[in-house]
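A.B. asks: Input file: run_5.txt. Contents: compact mmCIF, C-alpha atoms.
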# COMPACT_ATOMS: atom_id res chain seq x y z
CA MET A 745 0.00 0.00 0.00
CA ARG A 746 1.38 3.38 -0.99
CA LYS A 747 2.09 5.69 1.94
CA LYS A 748 0.16 8.94 2.08
CA VAL A 749 2.00 12.09 0.99
CA ALA A 750 2.97 14.24 3.99
CA ASN A 751 3.51 17.98 3.78
CA ILE A 752 5.08 19.35 6.96
CA VAL A 753 5.68 22.84 8.36
CA GLN A 754 7.92 23.29 11.41
CA LEU A 755 7.63 26.52 13.40
CA THR A 756 10.45 27.47 15.74
CA LEU A 757 11.42 30.42 17.92
CA PHE A 758 15.15 30.08 17.26
CA THR A 759 16.98 27.35 15.34
CA PHE A 760 20.31 28.51 13.94
CA SER A 761 20.75 31.89 15.63
CA ALA A 762 21.12 30.44 19.14
CA THR A 763 22.90 27.45 20.66
CA GLY A 764 20.78 26.27 23.60
CA GLY A 765 19.20 22.88 24.17
CA ILE A 766 15.87 23.78 22.58
CA GLU A 767 17.67 25.01 19.46
CA LYS A 768 19.62 21.74 19.28
CA VAL A 769 16.33 19.85 19.41
CA ALA A 770 14.88 22.06 16.67
CA ARG A 771 17.79 21.31 14.36
CA CYS A 772 17.69 17.56 14.90
CA LEU A 773 13.92 17.46 14.56
CA GLY A 774 14.13 19.51 11.36
CA LYS A 775 16.39 16.87 9.88
CA CYS A 776 13.84 14.17 10.80
CA LEU A 777 10.85 16.08 9.45
CA GLU A 778 12.48 16.98 6.15
CA ALA A 779 13.52 13.37 5.54
CA PHE A 780 10.05 12.06 6.44
CA ALA A 781 8.31 14.49 4.08
CA GLN A 782 10.71 13.82 1.20
CA GLN A 783 10.42 10.04 1.58
CA ARG A 784 6.68 10.39 1.14
CA GLY A 785 6.83 12.75 -1.82
CA GLY A 786 5.78 15.76 0.24
CA ASP A 787 7.16 19.17 1.09
CA TYR A 788 8.86 20.40 4.23
CA LYS A 789 9.27 23.98 5.40
CA MET A 790 10.87 25.44 8.53
CA ILE A 791 9.84 28.94 9.62
CA SER A 792 11.91 30.44 12.42
CA PHE A 793 10.34 33.45 14.13
CA HIS A 794 13.46 35.00 15.69
CA ASP A 795 16.32 33.68 13.55
CA ARG A 796 18.32 36.22 11.56
CA THR A 797 18.24 36.14 7.78
CA GLY A 798 20.89 33.77 6.50
CA ALA A 799 21.25 31.95 9.82
CA ALA A 800 20.83 28.56 8.15
CA ASN A 801 23.52 29.15 5.52
CA GLY A 802 25.87 26.19 5.38
CA ASN A 803 23.96 24.15 7.96
CA LYS A 804 24.06 20.33 7.80
CA TYR A 805 20.51 19.63 8.96
CA ILE A 806 18.03 20.92 6.38
CA SER A 807 18.03 22.41 2.92
CA GLU A 808 18.40 26.19 2.97
CA ASN A 809 15.66 26.33 0.33
CA ASN A 810 13.20 24.93 2.88
CA TYR A 811 13.98 27.55 5.52
CA THR A 812 12.67 31.04 6.30
CA ALA A 813 13.96 33.38 9.01
CA CYS A 814 11.58 36.12 10.15
CA ALA A 815 14.02 38.10 12.32
CA GLY A 816 11.34 38.63 14.97
CA LYS A 817 8.89 40.29 12.55
CA LYS A 818 5.41 39.04 13.38
CA LEU A 819 3.79 40.20 10.13
CA GLN A 820 6.44 38.36 8.12
CA LEU A 821 5.85 35.25 10.23
CA LEU A 822 2.09 35.35 9.66
CA SER A 823 2.50 36.02 5.95
CA ARG A 824 4.90 33.15 5.44
CA LEU A 825 2.85 30.87 7.63
CA SER A 826 -0.44 31.60 5.84
CA SER A 827 1.08 30.71 2.47
CA SER A 828 2.84 27.58 3.77
CA ILE A 829 0.05 25.95 5.72
CA ARG A 830 -2.52 25.92 2.92
CA LYS A 831 -1.20 22.57 1.72
CA ALA A 832 0.33 21.39 5.01
CA ASP A 833 -0.93 18.17 6.57
CA ILE A 834 1.19 18.35 9.72
CA ILE A 835 2.41 21.45 11.55
CA VAL A 836 4.97 21.07 14.33
CA LEU A 837 5.21 23.85 16.91
CA GLN A 838 8.68 23.63 18.43
CA HIS A 839 7.66 25.39 21.67
CA VAL A 840 4.42 25.92 23.57
CA ASN A 841 4.98 29.69 23.29
CA LEU A 842 3.98 29.27 19.64
CA LEU A 843 0.62 27.80 20.68
CA PRO A 844 -1.27 31.09 20.05
CA LEU A 845 -0.66 30.41 16.34
CA ALA A 846 -2.80 27.27 16.56
CA LYS A 847 -6.04 29.21 16.08
CA PHE A 848 -4.54 31.06 13.09
CA ILE A 849 -3.46 27.72 11.61
CA LYS A 850 -6.87 26.12 12.06
CA THR A 851 -8.54 29.10 10.40
CA PHE A 852 -6.52 28.60 7.21
CA LYS A 853 -6.29 24.79 7.35
CA PRO A 854 -8.91 23.22 9.69
CA GLY A 855 -7.77 19.69 8.85
CA ALA A 856 -4.07 20.20 9.66
CA LYS A 857 -2.70 18.10 12.51
CA ILE A 858 -0.83 20.24 15.04
CA ILE A 859 2.00 18.66 17.04
CA VAL A 860 3.53 20.58 19.95
CA VAL A 861 6.92 19.77 21.49
CA ALA A 862 6.95 20.15 25.30
CA HIS A 863 10.46 20.70 26.61
CA GLY A 864 9.98 21.20 30.35
CA ILE A 865 9.06 23.91 32.82
CA GLU A 866 7.01 25.88 30.28
CA VAL A 867 4.20 23.30 30.70
CA TRP A 868 4.67 22.34 34.35
CA LYS A 869 2.18 24.94 35.69
CA SER A 870 -1.48 24.98 34.73
CA PHE A 871 -2.50 27.27 31.89
CA THR A 872 -5.56 29.47 32.25
CA GLY A 873 -7.99 31.35 30.03
CA SER A 874 -7.52 31.38 26.27
CA LYS A 875 -4.18 29.57 26.43
CA LYS A 876 -5.85 26.64 28.17
CA LYS A 877 -8.54 26.50 25.47
CA LEU A 878 -5.91 26.36 22.72
CA LEU A 879 -4.68 23.00 24.02
CA SER A 880 -7.74 21.34 22.50
CA LEU A 881 -6.50 22.28 19.00
CA VAL A 882 -3.38 20.13 19.38
CA HIS A 883 -3.41 16.64 17.88
CA THR A 884 -0.34 15.35 19.74
CA PHE A 885 2.00 16.66 22.42
CA VAL A 886 5.52 15.25 22.28
CA ALA A 887 7.18 15.47 25.70
CA VAL A 888 10.96 15.18 25.94
CA SER A 889 10.78 13.21 29.22
CA SER A 890 8.37 11.07 31.19
CA PHE A 891 8.33 13.75 33.91
CA THR A 892 7.11 16.41 31.48
CA ALA A 893 4.57 13.98 30.01
CA ARG A 894 3.16 13.45 33.48
CA LYS A 895 3.00 17.21 34.07
CA LEU A 896 1.06 17.69 30.82
CA GLN A 897 -1.55 15.25 32.04
CA GLU A 898 -1.69 16.47 35.65
CA GLU A 899 -1.37 20.25 35.20
CA GLN A 900 -2.85 20.78 31.73
CA SER A 901 -5.44 17.96 31.82
CA VAL A 902 -4.22 16.64 28.47
CA GLU A 903 -5.55 13.17 27.78
CA PRO A 904 -2.88 10.43 27.99
CA GLU A 905 -3.59 9.30 24.43
CA ARG A 906 -2.58 12.75 23.14
CA VAL A 907 0.80 12.68 24.90
CA GLN A 908 3.82 10.84 23.51
CA ILE A 909 7.35 10.71 24.94
CA ILE A 910 10.41 11.10 22.73
CA ASN A 911 13.62 11.79 24.63
CA ASN A 912 16.04 14.25 23.07
CA CYS A 913 18.89 12.73 21.10
CA LEU A 914 22.57 13.12 20.51
CA ASP A 915 23.28 15.46 17.63
CA PRO A 916 24.26 13.33 14.59
CA TYR A 917 27.07 15.81 13.87
CA LEU A 918 28.76 15.78 17.27
CA GLN A 919 32.52 16.06 17.02
CA GLU A 920 34.78 13.07 17.50
CA LEU A 921 36.39 12.53 20.89
CA PRO A 922 39.16 15.14 21.32
CA THR A 923 42.72 13.91 21.73
CA PRO A 924 44.14 13.52 25.26
CA GLN A 925 46.74 16.10 24.30
CA SER A 926 44.11 18.78 23.61
CA ALA A 927 42.51 18.05 26.98
CA TRP A 928 45.81 18.38 28.83
CA LEU A 929 46.61 21.58 26.98
CA LEU A 930 43.30 23.04 28.11
CA ARG A 931 44.04 22.03 31.70
CA GLU A 932 47.42 23.63 31.46
CA SER A 933 45.99 26.87 30.05
CA LEU A 934 43.63 27.03 33.04
CA GLY A 935 46.44 26.52 35.52
CA LEU A 936 45.17 23.10 36.59
CA GLN A 937 47.44 20.33 37.83
CA PRO A 938 47.40 16.75 36.50
CA LYS A 939 46.24 15.41 39.88
CA ASP A 940 43.38 17.91 40.25
CA THR A 941 39.85 16.49 40.12
CA ILE A 942 37.64 18.56 37.84
CA LEU A 943 33.88 18.67 38.32
CA LEU A 944 32.14 20.33 35.37
CA ALA A 945 28.70 21.83 34.74
CA LEU A 946 27.42 23.70 31.69
CA THR A 947 24.59 26.01 32.63
CA ARG A 948 23.36 29.57 32.67
CA LEU A 949 24.26 31.19 35.98
CA ALA A 950 21.62 33.56 37.35
CA GLY A 951 19.57 34.00 40.48
CA THR A 952 16.65 32.38 38.68
CA GLU A 953 18.76 29.30 37.94
CA ARG A 954 19.61 28.26 41.52
CA HIS A 955 17.43 25.19 41.03
CA LYS A 956 20.35 23.79 39.00
CA GLY A 957 21.92 22.86 42.35
CA TYR A 958 25.40 24.35 41.95
CA PHE A 959 25.31 25.98 45.39
CA GLU A 960 24.68 22.56 46.96
CA VAL A 961 27.54 21.07 44.95
CA ILE A 962 29.88 23.69 46.43
CA GLU A 963 28.73 22.71 49.93
CA ALA A 964 29.18 19.04 49.12
CA ILE A 965 32.74 19.58 47.88
CA ALA A 966 33.57 21.46 51.07
CA ALA A 967 32.48 18.45 53.13
CA ILE A 968 34.80 16.02 51.32
CA LYS A 969 37.94 15.36 53.37
CA ASN A 970 41.31 13.69 52.94
CA ILE A 971 41.21 12.76 49.28
CA GLY A 972 44.79 13.81 48.58
CA LYS A 973 43.92 16.02 45.63
CA GLU A 974 42.21 19.32 45.02
CA ILE A 975 38.68 19.44 43.67
CA ILE A 976 37.83 22.29 41.30
CA TYR A 977 34.23 22.96 40.27
CA ILE A 978 34.00 24.57 36.83
CA LEU A 979 30.70 26.32 36.15
CA ALA A 980 30.79 27.11 32.45
CA GLY A 981 28.18 29.27 30.77
CA LYS A 982 26.92 32.83 30.60
CA TYR A 983 26.40 34.48 33.96
CA THR A 984 24.88 37.61 35.44
CA GLU A 985 27.24 39.79 37.44
CA ASP A 986 25.07 39.40 40.55
CA GLU A 987 25.18 35.63 40.36
CA HIS A 988 28.90 35.61 39.64
CA SER A 989 29.44 37.59 42.83
CA ALA A 990 27.11 35.32 44.81
CA ILE A 991 28.96 32.20 43.65
CA VAL A 992 32.33 33.73 44.47
CA LYS A 993 31.07 34.47 48.00
CA GLN A 994 29.65 30.96 48.37
CA ALA A 995 32.92 29.40 47.23
CA ALA A 996 34.99 31.60 49.58
CA LEU A 997 32.68 30.82 52.49
CA HIS A 998 33.25 27.10 52.02
CA ASN A 999 36.88 27.35 50.88
CA VAL A 1000 36.12 25.67 47.56
CA ARG A 1001 37.85 26.50 44.30
CA VAL A 1002 35.30 27.46 41.65
CA MET A 1003 36.05 28.63 38.12
CA MET A 1004 33.56 30.46 35.89
CA PRO A 1005 35.02 30.76 32.38
CA GLY A 1006 31.79 32.13 30.89
CA TYR A 1007 30.33 31.15 27.54
CA ILE A 1008 32.03 28.26 25.75
CA ALA A 1009 31.53 27.83 22.01
CA ASP A 1010 29.90 24.58 20.89
CA GLU A 1011 33.01 23.49 19.03
CA ASP A 1012 35.11 23.78 22.20
CA ILE A 1013 32.78 21.97 24.60
CA PRO A 1014 34.02 18.43 23.75
CA THR A 1015 37.50 19.33 25.01
CA TRP A 1016 36.05 20.65 28.28
CA PHE A 1017 34.17 17.37 28.71
CA THR A 1018 37.29 15.36 27.95
CA MET A 1019 39.55 17.21 30.37
CA SER A 1020 37.09 16.86 33.27
CA ASN A 1021 36.49 13.97 35.69
CA ILE A 1022 32.78 14.19 36.55
CA TYR A 1023 29.80 16.15 35.22
CA VAL A 1024 27.75 17.34 38.22
CA LEU A 1025 24.46 19.24 37.93
CA PRO A 1026 21.77 18.02 40.40
CA SER A 1027 18.92 20.13 39.03
CA LYS A 1028 15.31 20.29 40.23
CA LYS A 1029 13.79 21.67 37.01
CA GLU A 1030 15.48 19.97 34.07
CA GLY A 1031 13.17 19.19 31.19
CA PHE A 1032 15.59 16.52 29.98
CA GLY A 1033 19.22 17.65 29.99
CA ILE A 1034 20.99 17.30 26.66
CA SER A 1035 24.28 18.20 28.35
CA PHE A 1036 24.03 14.96 30.35
CA ILE A 1037 23.93 12.69 27.30
CA GLU A 1038 26.59 14.79 25.56
CA ALA A 1039 28.88 14.40 28.58
CA LEU A 1040 28.27 10.65 28.48
CA HIS A 1041 29.03 10.63 24.76
CA TYR A 1042 32.47 12.01 25.61
CA ALA A 1043 32.91 9.32 28.31
CA LEU A 1044 32.38 11.70 31.23
CA PRO A 1045 30.49 10.15 34.19
CA VAL A 1046 27.42 12.11 35.28
CA ILE A 1047 25.74 12.99 38.59
CA ALA A 1048 22.25 14.48 38.14
CA GLY A 1049 19.01 15.03 40.02
CA ASN A 1050 16.30 12.40 40.40
CA ALA A 1051 13.28 14.71 40.57
CA ASP A 1052 12.84 15.89 36.98
CA GLY A 1053 13.62 14.97 33.38
CA SER A 1054 17.24 14.24 34.28
CA ALA A 1055 16.16 10.74 35.30
CA ASP A 1056 15.26 9.96 31.68
CA ALA A 1057 18.64 11.24 30.45
CA LEU A 1058 20.44 8.83 32.79
CA LEU A 1059 17.96 6.00 32.14
CA HIS A 1060 16.95 6.10 35.79
CA GLY A 1061 20.46 5.33 36.96
CA LYS A 1062 21.67 2.93 34.27
CA LEU A 1063 23.90 5.57 32.66
CA GLY A 1064 24.93 7.60 35.70
CA THR A 1065 24.22 8.51 39.32
CA LEU A 1066 20.98 10.13 40.44
CA VAL A 1067 20.73 12.08 43.71
CA SER A 1068 18.03 14.03 45.51
CA PRO A 1069 18.38 17.68 44.48
CA GLY A 1070 19.12 19.90 47.45
CA ASN A 1071 20.47 16.99 49.49
CA VAL A 1072 24.10 17.97 50.12
CA GLN A 1073 24.90 14.65 51.80
CA GLU A 1074 23.72 12.62 48.80
CA ILE A 1075 25.68 14.80 46.39
CA GLN A 1076 28.76 14.49 48.60
CA GLY A 1077 28.32 10.71 48.76
CA ALA A 1078 28.03 10.38 44.99
CA ILE A 1079 31.20 12.40 44.43
CA GLU A 1080 33.09 10.49 47.13
CA LYS A 1081 31.98 7.15 45.70
CA TYR A 1082 33.38 8.10 42.33
CA LEU A 1083 36.64 9.35 43.83
CA ALA A 1084 37.06 6.16 45.87
CA THR A 1085 36.11 3.55 43.29
CA LYS A 1086 35.83 5.38 39.95
CA GLU A 1087 32.33 3.87 39.86
CA ASN A 1088 30.40 4.71 36.67
CA SER A 1089 33.64 5.95 35.12
CA THR A 1090 33.03 3.60 32.17
CA VAL A 1091 30.07 4.80 30.14
CA ASP A 1092 27.99 2.19 28.34
CA LYS A 1093 28.32 3.76 24.89
CA ASP A 1094 26.25 1.03 23.20
CA LEU A 1095 23.31 1.63 25.53
CA LEU A 1096 23.71 5.37 25.11
CA GLN A 1097 23.48 5.12 21.32
CA GLU A 1098 20.66 2.59 21.46
CA ARG A 1099 18.48 4.91 23.54
CA PHE A 1100 19.64 8.39 22.51
CA GLY A 1101 21.20 7.98 19.06
CA PHE A 1102 19.75 9.99 16.18
CA ALA A 1103 18.52 6.86 14.37
CA THR A 1104 16.35 5.95 17.37
CA TYR A 1105 15.04 9.51 17.59
CA ALA A 1106 14.12 9.59 13.89
CA ARG A 1107 12.40 6.21 14.11
CA GLN A 1108 10.27 7.34 17.06
CA TRP A 1109 9.28 10.57 15.32
CA ASN A 1110 8.43 8.70 12.13
CA THR A 1111 5.87 6.64 14.06
CA ILE A 1112 4.17 9.78 15.39
CA LEU A 1113 4.21 11.45 11.98
CA GLU A 1114 2.75 8.37 10.30
CA ASN A 1115 -0.07 8.28 12.83
CA ALA A 1116 -0.78 11.98 12.30
CA ALA A 1117 -0.73 11.56 8.52
CA ARG A 1118 -3.27 8.72 8.72
CA ALA A 1119 -5.57 10.45 11.20
Can the structure from this file be put into structure tokens for me?

C.D. replies:
Amino acid sequence: MRKKVANIVQLTLFTFSATGGIEKVARCLGKCLEAFAQQRGGDYKMISFHDRTGAANGNKYISENNYTACAGKKLQLLSRLSSSIRKADIIVLQHVNLLPLAKFIKTFKPGAKIIVVAHGIEVWKSFTGSKKKLLSLVHTFVAVSSFTARKLQEEQSVEPERVQIINNCLDPYLQELPTPQSAWLLRESLGLQPKDTILLALTRLAGTERHKGYFEVIEAIAAIKNIGKEIIYILAGKYTEDEHSAIVKQAALHNVRVMMPGYIADEDIPTWFTMSNIYVLPSKKEGFGISFIEALHYALPVIAGNADGSADALLHGKLGTLVSPGNVQEIQGAIEKYLATKENSTVDKDLLQERFGFATYARQWNTILENAARA
């Protein structure tokens, strides 16, 4: 039986003009959607609301001819969207903040199937008013973790049959493992000694981000005694000046060495993973945590929180160590266990690829798209 033609439009906030986790998901999903549409003789278009013109030039994920950047211009977005959705069968909204467009979409194409990607905290609190009503226009919600799927059902009253779980994946174009020499050179440039133990976290540092648990990690490090080597906690990522000062004070109070190098370019992150010993970020509000599976990809053992989407990223403990966020003693114990036994220092790369490889991700999305195309 011949498969039904599928014409797909993907709407994003940012895709190529930013480098966060949601943008990484948008790029990987775009690659899946374009391939699915083309295999079924259909068309695929990506419309990015805030991307700058030319942002997709030279990208590896989708054809530049299938991409439009609206540079934050709402009228341009609506114009492009109205012309694209007339023949679209499936429209994927990359973020719930694009949900207000659902009514516009249904006006032009009542039969289009709308799929919304739910990343995390943006759907963890109940919607009200008109936003709540818009949820009924969505054919399928794709949650990036079981925790977020549960929140969609509990907080938004979305029926279980309209919620599917597809964990985020490893980018198919991740760099190869850096050489040991490049890792040692980075250590040397930072003034680190060969015997130093490096704990790493990649995160935005701001007063609103304290739920990431880095203050508790500092306390946990301070409580570790007699290990015969210095522990340095590297908090990499953009920071506000207020939070930088607060972290410096926290580190001084506990006599812990903390480094905050600021933003690190995507192409340099693999070397930071490789030169470190443990990735530690016991968050309370992680939608999934792409940095966890990327750290594992580069053979870096991971300690994460057990109260959010992080549990999915570590396969509920099969790929790393889960601790109770906010529990300094548990965090301390997990670090000490690694230092004493190097437990979890060998990452199961086969299991990682099996569960979070791009091929698995594409296969799972294809099932959802096929169901939407048939509905």

A.B. asks: For the interface of region 846-960 of chain A with region 1068-1091 of chain A (cut-off 10 Å, counting all atoms listed in the file), please tabulate each contacting residue of region 846-960 of chain A alongside its nearest pair of atoms and their separation in Å to one decimal, rows sorted by chain and increasing number, as a tab-separated table.

C.D. replies:
residue	atom	partner	partner_atom	distance
A:Thr941	CA	A:Leu1083	CA	8.7
A:Leu943	CA	A:Ile1079	CA	9.2
A:His955	CA	A:Pro1069	CA	8.3
A:Lys956	CA	A:Pro1069	CA	8.4
A:Gly957	CA	A:Gly1070	CA	6.5
A:Tyr958	CA	A:Gly1070	CA	9.5
A:Phe959	CA	A:Gly1070	CA	8.9
A:Glu960	CA	A:Val1072	CA	5.6

A.B. asks: For Ala815 (chain A), which of A:Ser870, A:Thr759, A:Thr1104, A:Gln782 is the closest residue, counting only C-alpha atoms?

C.D. replies: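 Between A:Ser870, A:Thr759, A:Thr1104, A:Gln782, the residue approaching Ala815 (chain A) most closely is A:Thr759.
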
A.B. asks: Give me, please, the distance in Å between CA of Lys1028 (chain A) and CA of Ser1054 (chain A), quoted to one decimal.

C.D. replies: 8.7 Å

A.B. asks: With only C-alpha atoms counted and 6 Å as the cut-off, give the residues of region 747-836 of chain A in contact with region 843-861 of chain A, each with its shortest interatomic distance in Å and the pair that gives it, as CSV.

C.D. replies:
residue,atom,partner,partner_atom,distance
A:Arg830,CA,A:Lys853,CA,5.9
A:Asp833,CA,A:Ala856,CA,4.9
A:Ile834,CA,A:Lys857,CA,4.8
A:Ile835,CA,A:Ile858,CA,4.9
A:Val836,CA,A:Ile859,CA,4.7

A.B. asks: What's the separation between CA of Ala1106 (chain A) and CA of Ile865 (chain A), in Å to one decimal place?

C.D. replies: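 Computed distance, CA of Ala1106 (chain A) to CA of Ile865 (chain A), equals 24.3 Å.
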
A.B. asks: Given all atoms listed in the file as the basis, pick out the residue of A:Thr892, A:Asn1021, A:Ser989, A:Ser880 nearest to Trp868 (chain A).

C.D. replies: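 The answer is A:Thr892, which sits nearest to Trp868 (chain A).
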
A.B. asks: With distances taken over only C-alpha atoms, which of A:Lys804, A:His988, A:Lys748, A:His794 is nearest to Gln820 (chain A)?

C.D. replies: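 Smallest separation from Gln820 (chain A) among the options: A:His794.
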
A.B. asks: For Val749 (chain A), work out the shell of residues within 8 Å, counting all atoms listed in the file and skipping chain neighbours fewer than 4 positions away, then give it as a PyMOL selection string.

C.D. replies: chain A and resi 781+784-786

A.B. asks: Considering only C-alpha atoms, can you say which of A:Asn1115, A:Thr1015, A:Gln1108, A:Thr952 comes closest to Leu930 (chain A)?

C.D. replies: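 Once distances to Leu930 (chain A) are computed over only C-alpha atoms, the minimum belongs to A:Thr1015.
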
A.B. asks: Please provide as a list in words all residues within 6 Å of Ile909 (chain A), with the sequence filter that same-chain residues fewer than 4 positions apart are discarded (counting only C-alpha atoms).

C.D. replies: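 Returned residues: Val886, Ala887 and Val888 of chain A.
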